[in-house]
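The structure appears right after this line, and notes come after that.
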Amino acid sequence: IIKDDVLVLRNVRDFTYRTTEDFDVIYETKTYRLDELETLDFAVCYWDGMKAVAHTMLSFGFTNGDYLALSAETRLAEGDIQGALPGLYRQFGFQYIFATEKDLFALRSNYRHEDLFLYSSTATAKDSRKILEEMVRRANDLETEPEFYNTITNNCTTGLFPAIQKVV
């Protein structure tokens, strides 16, 4: 919900990990002041030593020190195993995960031992806000009009482009 300069997000993920299989499930309702949004960072992480394929995420930084991270991902049913080939054939749903950096970034770097790189963008606070507002709108739209993940056309990177293109 966005009203004036206030964004209220339900189900912001903030898991506490001990291992990739042992963690506390924590979802919170968080409030962010959009007039305090100041930075937008782009995260890239590589897994299994691969450098040709990466997972991408965004992180929005606020003046009070809060960071809201965003990841576009497959929505796997219980027992599903993620894979590039099934991802071509409408086997997975598509979702946006809003979470703390501690959750999304630490899971990948500290527990999955993936190489994670964070790049500061030159986006203005105004443009960062437009991108965040568009990502929230898209996430809400998925609730009523679900989409399939596609390894090539609707993935973690292409899922971020529509919002970014609105300000580029």
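We label chains A, B, ... in the order they appear in the structure tokens, count residues from 1 in each chain, and number ligands from 1 in the order shown.
Residues in contact with A:Leu107 at up to 8 Å, not including ones fewer than 4 positions away on its chain and judged by only C-alpha atoms, are A:Tyr17, A:Thr20, A:Lys102, A:Asp103, A:Tyr111, A:Arg112.
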- DSSP-assigned strand (DSSP E or B) members of stretch 3-146 of chain A, reported as a PyMOL selection string: chain A and resi 3+6-13+16-17+23-24+27-33+37-46+55-62+67-75+93-100+115-120
Contacts of stretch 62-75 of chain A within 6 Å, only C-alpha atoms, excl. fewer than 6 positions in-chain, as a PDB file with C-alpha atoms, in the first residue's frame:
```pdb
ATOM      1  CA  GLU A  36      13.682   9.027   2.756  1.00  0.00           C
ATOM      2  CA  LEU A  37      14.645   6.696  -0.096  1.00  0.00           C
ATOM      3  CA  GLU A  38      18.118   7.708  -1.230  1.00  0.00           C
ATOM      4  CA  PHE A  92       7.098 -22.530 -12.265  1.00  0.00           C
ATOM      5  CA  GLY A  93       5.221 -19.487 -11.131  1.00  0.00           C
ATOM      6  CA  PHE A  94       6.921 -16.077 -11.045  1.00  0.00           C
ATOM      7  CA  GLN A  95       7.137 -14.007  -7.876  1.00  0.00           C
ATOM      8  CA  TYR A  96       8.782 -10.972  -6.337  1.00  0.00           C
ATOM      9  CA  ILE A  97      10.257 -11.371  -2.888  1.00  0.00           C
ATOM     10  CA  PHE A  98      10.653  -8.233  -0.782  1.00  0.00           C
ATOM     11  CA  ALA A  99      13.060  -8.874   2.062  1.00  0.00           C
ATOM     12  CA  THR A 100      15.771  -7.392   4.188  1.00  0.00           C
ATOM     13  CA  GLU A 101      19.283  -7.387   2.750  1.00  0.00           C
ATOM     14  CA  TYR A 149       8.600 -17.869 -14.863  1.00  0.00           C
ATOM     15  CA  CYS A 156      15.223 -12.581 -12.270  1.00  0.00           C
TER      16      CYS A 156
END
```
- Between atom CA of A:Arg13 and atom CA of A:Leu40 lies a distance of 18.9 Å
- Message: Please identify the helix (DSSP H, G or I) residues within chain A (assignment by DSSP from backbone atoms) and present them as a ChimeraX atom specification.
- Response: /A:34-36,84-88,101-111,125-144,161-165
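Checking A:Thr56, A:Thr157, A:Thr29, A:Ser121 one by one against A:Leu104, counting only C-alpha atoms, you find the shortest gap at A:Thr56.
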- Message: Report as an NGL selection string all protein, DNA and RNA residues lying within 10 Å of A:Leu118, evaluated on only C-alpha atoms, omitting residues in the same chain fewer than 2 positions from it.
- Response: :A and (41-45 or 56-59 or 105 or 116 or 120-121)
- Task: Can you work out which one of A:Ala54, A:Ile152, A:Ala123, A:Leu34 has the shortest atom-to-atom distance to A:Lys3, counting only C-alpha atoms?
- Result: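 Counting only C-alpha atoms, the residue closest to A:Lys3 is A:Leu34.
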